[in-house]
Amino acid sequence: MSEICEITVYMKLETLPPLSHEYADEERIQRQIKSWQDDQSIHLIAEAMPTGVLILNEYRQAVFANELFLEIAGLDSMDEILGKRPGKILGCANADLEEKGCGSSLFCKNCGALRAIATSLNGSIGLEDCFLTRKSGLSALELRVKTTPIEKTGEKFTIFAIEDISMEKERDALMDRLKVMSETDELTGLYNRRYLYNEAKREIARAIRYQHPITCFMIDIDHFKTVNDTYGHMIGDDVLVKFAEVLVDSMREVDLI
């Protein structure tokens, strides 16, 4: 019977335990590595996963990885990861700040990846986004980390799965910029007519529902054409920008300009 049939998933939630900075002894780590490496079912499942997969023992040392994890980490060989901790493997700039290594520096306290691992060491599934600043010469990584606690041959391990979300973040940022561009005036940054129509419908509906008045001001700059004709359109633009700033400073945050 394949050893994969002996794997149990834990879902118990308790207070997060302190992370151990000790390492497994050489005999134990080699035995764990062999156990995972020899299981062909594990290989097939890991390589079919759409995420990078790293298996960590209870000391957060790697005992197995799939090819996608190596690719994300920018490594060529499994020998470069075995027995090491995630921060060291991924080239985290903070992994060697303290003698105890990955997970022991002040920066680690805010590391999403470490929070996820700690959650799974405590018996629960962890899910975190993590921005990883890496050593000189290595580009930063934006990762979604999911960790799952498992047990194999009587020992506890953590499935550390990572997904590169840099493209997702770039897409979200682009969509946010497009939304802003579609709703605001490029020159002044004030909301445009399209946004006004959508908000006006909601405000009018709210005013009718709660039976309270709603007020709208239409404001014109006197003799603005004279400014353009006398000083040019660039100065006219400056006047519009300054006027917009005065409006924003003069109104409440709840007012729509």
# chains A, B, ... in the order shown; residues from 1 in each chain; ligands from 1
$ select_by_dssp --residues "region 44-169 of chain A" --states "alpha helix (DSSP H)" --output "PDB file with C-alpha atoms, in the first residue's frame"
ATOM      1  CA  LEU A  44       2.512  12.468  -9.308  1.00  0.00           C
ATOM      2  CA  ILE A  45       0.210  14.555  -7.118  1.00  0.00           C
ATOM      3  CA  ALA A  46       2.782  17.311  -6.514  1.00  0.00           C
ATOM      4  CA  GLU A  47       3.666  17.681 -10.197  1.00  0.00           C
ATOM      5  CA  ALA A  48      -0.044  17.884 -11.097  1.00  0.00           C
ATOM      6  CA  GLU A  67       9.404  21.298 -10.119  1.00  0.00           C
ATOM      7  CA  LEU A  68       7.189  24.406 -10.084  1.00  0.00           C
ATOM      8  CA  PHE A  69       8.483  25.368  -6.656  1.00  0.00           C
ATOM      9  CA  LEU A  70      12.052  25.106  -7.936  1.00  0.00           C
ATOM     10  CA  GLU A  71      11.079  27.281 -10.908  1.00  0.00           C
ATOM     11  CA  ILE A  72       9.499  30.000  -8.729  1.00  0.00           C
ATOM     12  CA  ALA A  73      12.523  29.949  -6.417  1.00  0.00           C
ATOM     13  CA  PRO A  86      11.569  28.489   3.119  1.00  0.00           C
ATOM     14  CA  GLY A  87      13.213  31.889   3.638  1.00  0.00           C
ATOM     15  CA  LYS A  88      16.650  30.474   2.922  1.00  0.00           C
ATOM     16  CA  ILE A  89      15.387  28.596  -0.131  1.00  0.00           C
ATOM     17  CA  LEU A  90      13.578  31.599  -1.622  1.00  0.00           C
ATOM     18  CA  GLY A 112       2.729  36.265   5.909  1.00  0.00           C
ATOM     19  CA  ALA A 113       4.478  33.034   4.924  1.00  0.00           C
ATOM     20  CA  LEU A 114       5.667  32.475   8.481  1.00  0.00           C
ATOM     21  CA  ARG A 115       2.173  33.158   9.874  1.00  0.00           C
ATOM     22  CA  ALA A 116       0.741  30.563   7.516  1.00  0.00           C
ATOM     23  CA  ILE A 117       3.360  27.986   8.534  1.00  0.00           C
ATOM     24  CA  ALA A 118       2.781  28.677  12.234  1.00  0.00           C
ATOM     25  CA  THR A 119      -0.955  28.223  11.703  1.00  0.00           C
ATOM     26  CA  SER A 120      -0.413  24.810  10.140  1.00  0.00           C
ATOM     27  CA  LEU A 121       2.100  23.731  12.763  1.00  0.00           C
ATOM     28  CA  SER A 166       2.577  39.425  -9.171  1.00  0.00           C
ATOM     29  CA  MET A 167       0.564  39.396 -12.413  1.00  0.00           C
ATOM     30  CA  GLU A 168      -2.669  39.311 -10.420  1.00  0.00           C
ATOM     31  CA  LYS A 169      -1.521  42.334  -8.402  1.00  0.00           C
TER      32      LYS A 169
END
$ select_by_dssp --residues "region 150-231 of chain A" --states "strand (DSSP E or B)" --output "JSON list (two decimals) with all heavy atoms, in the first residue's frame"
[["chain", "number", "residue", "atom", "x", "y", "z"],
["A", 150, "ILE", "N", -0.29, 18.03, 7.77],
["A", 150, "ILE", "CA", -0.54, 16.62, 7.48],
["A", 150, "ILE", "C", 0.34, 15.75, 8.38],
["A", 150, "ILE", "O", 1.27, 16.25, 9.01],
["A", 150, "ILE", "CB", -0.26, 16.27, 6.00],
["A", 150, "ILE", "CG1", 1.22, 16.50, 5.66],
["A", 150, "ILE", "CG2", -1.14, 17.05, 5.05],
["A", 150, "ILE", "CD1", 1.63, 16.01, 4.30],
["A", 151, "GLU", "N", 0.01, 14.47, 8.41],
["A", 151, "GLU", "CA", 0.83, 13.52, 9.15],
["A", 151, "GLU", "C", 1.18, 12.37, 8.23],
["A", 151, "GLU", "O", 0.34, 11.88, 7.48],
["A", 151, "GLU", "CB", 0.09, 13.00, 10.38],
["A", 151, "GLU", "CG", 0.95, 12.12, 11.28],
["A", 151, "GLU", "CD", 0.21, 11.70, 12.53],
["A", 151, "GLU", "OE1", 0.04, 12.53, 13.43],
["A", 151, "GLU", "OE2", -0.22, 10.52, 12.59],
["A", 152, "LYS", "N", 2.43, 11.96, 8.27],
["A", 152, "LYS", "CA", 2.89, 10.87, 7.42],
["A", 152, "LYS", "C", 3.84, 9.99, 8.25],
["A", 152, "LYS", "O", 4.78, 10.50, 8.87],
["A", 152, "LYS", "CB", 3.61, 11.42, 6.19],
["A", 152, "LYS", "CG", 3.99, 10.39, 5.15],
["A", 152, "LYS", "CD", 4.57, 11.10, 3.91],
["A", 152, "LYS", "CE", 4.78, 10.14, 2.77],
["A", 152, "LYS", "NZ", 5.89, 9.22, 3.01],
["A", 155, "GLU", "N", 4.69, 11.17, 11.73],
["A", 155, "GLU", "CA", 5.36, 12.44, 11.95],
["A", 155, "GLU", "C", 4.55, 13.57, 11.31],
["A", 155, "GLU", "O", 3.86, 13.38, 10.31],
["A", 155, "GLU", "CB", 6.77, 12.42, 11.35],
["A", 155, "GLU", "CG", 7.71, 11.45, 12.04],
["A", 155, "GLU", "CD", 9.12, 11.56, 11.50],
["A", 155, "GLU", "OE1", 9.36, 11.04, 10.40],
["A", 155, "GLU", "OE2", 9.97, 12.18, 12.16],
["A", 156, "LYS", "N", 4.65, 14.76, 11.89],
["A", 156, "LYS", "CA", 3.89, 15.91, 11.40],
["A", 156, "LYS", "C", 4.69, 16.70, 10.37],
["A", 156, "LYS", "O", 5.88, 16.94, 10.55],
["A", 156, "LYS", "CB", 3.49, 16.81, 12.57],
["A", 156, "LYS", "CG", 2.50, 16.16, 13.52],
["A", 156, "LYS", "CD", 2.10, 17.11, 14.64],
["A", 156, "LYS", "CE", 1.07, 16.46, 15.56],
["A", 156, "LYS", "NZ", 0.65, 17.35, 16.66],
["A", 157, "PHE", "N", 3.98, 17.09, 9.31],
["A", 157, "PHE", "CA", 4.58, 17.88, 8.25],
["A", 157, "PHE", "C", 3.61, 18.99, 7.85],
["A", 157, "PHE", "O", 2.45, 19.00, 8.27],
["A", 157, "PHE", "CB", 4.90, 17.02, 7.02],
["A", 157, "PHE", "CG", 5.93, 15.95, 7.27],
["A", 157, "PHE", "CD1", 5.54, 14.69, 7.71],
["A", 157, "PHE", "CD2", 7.27, 16.21, 7.06],
["A", 157, "PHE", "CE1", 6.48, 13.71, 7.95],
["A", 157, "PHE", "CE2", 8.22, 15.22, 7.30],
["A", 157, "PHE", "CZ", 7.83, 13.97, 7.74],
["A", 158, "THR", "N", 4.09, 19.92, 7.04],
["A", 158, "THR", "CA", 3.27, 21.00, 6.51],
["A", 158, "THR", "C", 3.45, 21.08, 5.01],
["A", 158, "THR", "O", 4.58, 21.11, 4.51],
["A", 158, "THR", "CB", 3.66, 22.36, 7.13],
["A", 158, "THR", "OG1", 3.42, 22.32, 8.54],
["A", 158, "THR", "CG2", 2.84, 23.50, 6.52],
["A", 159, "ILE", "N", 2.33, 21.09, 4.28],
["A", 159, "ILE", "CA", 2.37, 21.36, 2.84],
["A", 159, "ILE", "C", 2.43, 22.88, 2.67],
["A", 159, "ILE", "O", 1.50, 23.58, 3.05],
["A", 159, "ILE", "CB", 1.15, 20.79, 2.11],
["A", 159, "ILE", "CG1", 1.04, 19.29, 2.32],
["A", 159, "ILE", "CG2", 1.23, 21.11, 0.61],
["A", 159, "ILE", "CD1", -0.23, 18.69, 1.73],
["A", 160, "PHE", "N", 3.51, 23.36, 2.11],
["A", 160, "PHE", "CA", 3.73, 24.79, 1.89],
["A", 160, "PHE", "C", 3.57, 25.05, 0.40],
["A", 160, "PHE", "O", 4.48, 24.79, -0.39],
["A", 160, "PHE", "CB", 5.14, 25.15, 2.39],
["A", 160, "PHE", "CG", 5.53, 26.59, 2.26],
["A", 160, "PHE", "CD1", 5.13, 27.52, 3.20],
["A", 160, "PHE", "CD2", 6.32, 27.02, 1.21],
["A", 160, "PHE", "CE1", 5.51, 28.85, 3.10],
["A", 160, "PHE", "CE2", 6.71, 28.35, 1.08],
["A", 160, "PHE", "CZ", 6.31, 29.27, 2.05],
["A", 161, "ALA", "N", 2.40, 25.53, 0.00],
["A", 161, "ALA", "CA", 2.10, 25.75, -1.42],
["A", 161, "ALA", "C", 2.15, 27.24, -1.73],
["A", 161, "ALA", "O", 1.55, 28.05, -1.00],
["A", 161, "ALA", "CB", 0.73, 25.18, -1.77],
["A", 162, "ILE", "N", 2.85, 27.62, -2.80],
["A", 162, "ILE", "CA", 2.97, 29.03, -3.15],
["A", 162, "ILE", "C", 2.54, 29.27, -4.60],
["A", 162, "ILE", "O", 2.71, 28.42, -5.47],
["A", 162, "ILE", "CB", 4.41, 29.55, -2.95],
["A", 162, "ILE", "CG1", 5.41, 28.78, -3.84],
["A", 162, "ILE", "CG2", 4.80, 29.47, -1.49],
["A", 162, "ILE", "CD1", 6.81, 29.38, -3.81],
["A", 163, "GLU", "N", 1.99, 30.44, -4.81],
["A", 163, "GLU", "CA", 1.56, 30.86, -6.14],
["A", 163, "GLU", "C", 2.06, 32.27, -6.38],
["A", 163, "GLU", "O", 1.92, 33.15, -5.51],
["A", 163, "GLU", "CB", 0.03, 30.83, -6.21],
["A", 163, "GLU", "CG", -0.56, 31.33, -7.50],
["A", 163, "GLU", "CD", -2.08, 31.40, -7.45],
["A", 163, "GLU", "OE1", -2.66, 31.09, -6.39],
["A", 163, "GLU", "OE2", -2.68, 31.78, -8.47],
["A", 164, "ASP", "N", 2.69, 32.50, -7.52],
["A", 164, "ASP", "CA", 3.17, 33.83, -7.88],
["A", 164, "ASP", "C", 1.97, 34.69, -8.27],
["A", 164, "ASP", "O", 1.30, 34.42, -9.27],
["A", 164, "ASP", "CB", 4.15, 33.72, -9.05],
["A", 164, "ASP", "CG", 4.81, 35.05, -9.39],
["A", 164, "ASP", "OD1", 4.30, 36.10, -8.94],
["A", 164, "ASP", "OD2", 5.81, 35.06, -10.13],
["A", 184, "THR", "N", -13.04, 60.08, -13.05],
["A", 184, "THR", "CA", -12.51, 61.37, -12.63],
["A", 184, "THR", "C", -12.02, 62.19, -13.82],
["A", 184, "THR", "O", -11.69, 61.67, -14.89],
["A", 184, "THR", "CB", -11.34, 61.20, -11.64],
["A", 184, "THR", "OG1", -10.31, 60.43, -12.26],
["A", 184, "THR", "CG2", -11.80, 60.51, -10.36],
["A", 191, "TYR", "N", -14.48, 64.25, -9.56],
["A", 191, "TYR", "CA", -15.34, 63.28, -10.24],
["A", 191, "TYR", "C", -15.93, 63.87, -11.50],
["A", 191, "TYR", "O", -16.23, 65.08, -11.58],
["A", 191, "TYR", "CB", -16.46, 62.83, -9.31],
["A", 191, "TYR", "CG", -15.99, 61.96, -8.17],
["A", 191, "TYR", "CD1", -16.15, 62.37, -6.85],
["A", 191, "TYR", "CD2", -15.35, 60.75, -8.41],
["A", 191, "TYR", "CE1", -15.70, 61.59, -5.80],
["A", 191, "TYR", "CE2", -14.90, 59.96, -7.38],
["A", 191, "TYR", "CZ", -15.08, 60.38, -6.07],
["A", 191, "TYR", "OH", -14.63, 59.62, -5.04]]
$ residues_around --residues "region 128-141 of chain A" --least-positions-apart "2" --cutoff "7 Å" --atoms "only C-alpha atoms" --output "number ranges by chain"
A: 91-93, 111-113, 116, 126, 143-146
$ closest_residue --among "A:Ile165, A:Thr51, A:Arg31, A:Leu19" --to "Gly101 (chain A)" --atoms "only C-alpha atoms"
A:Leu19
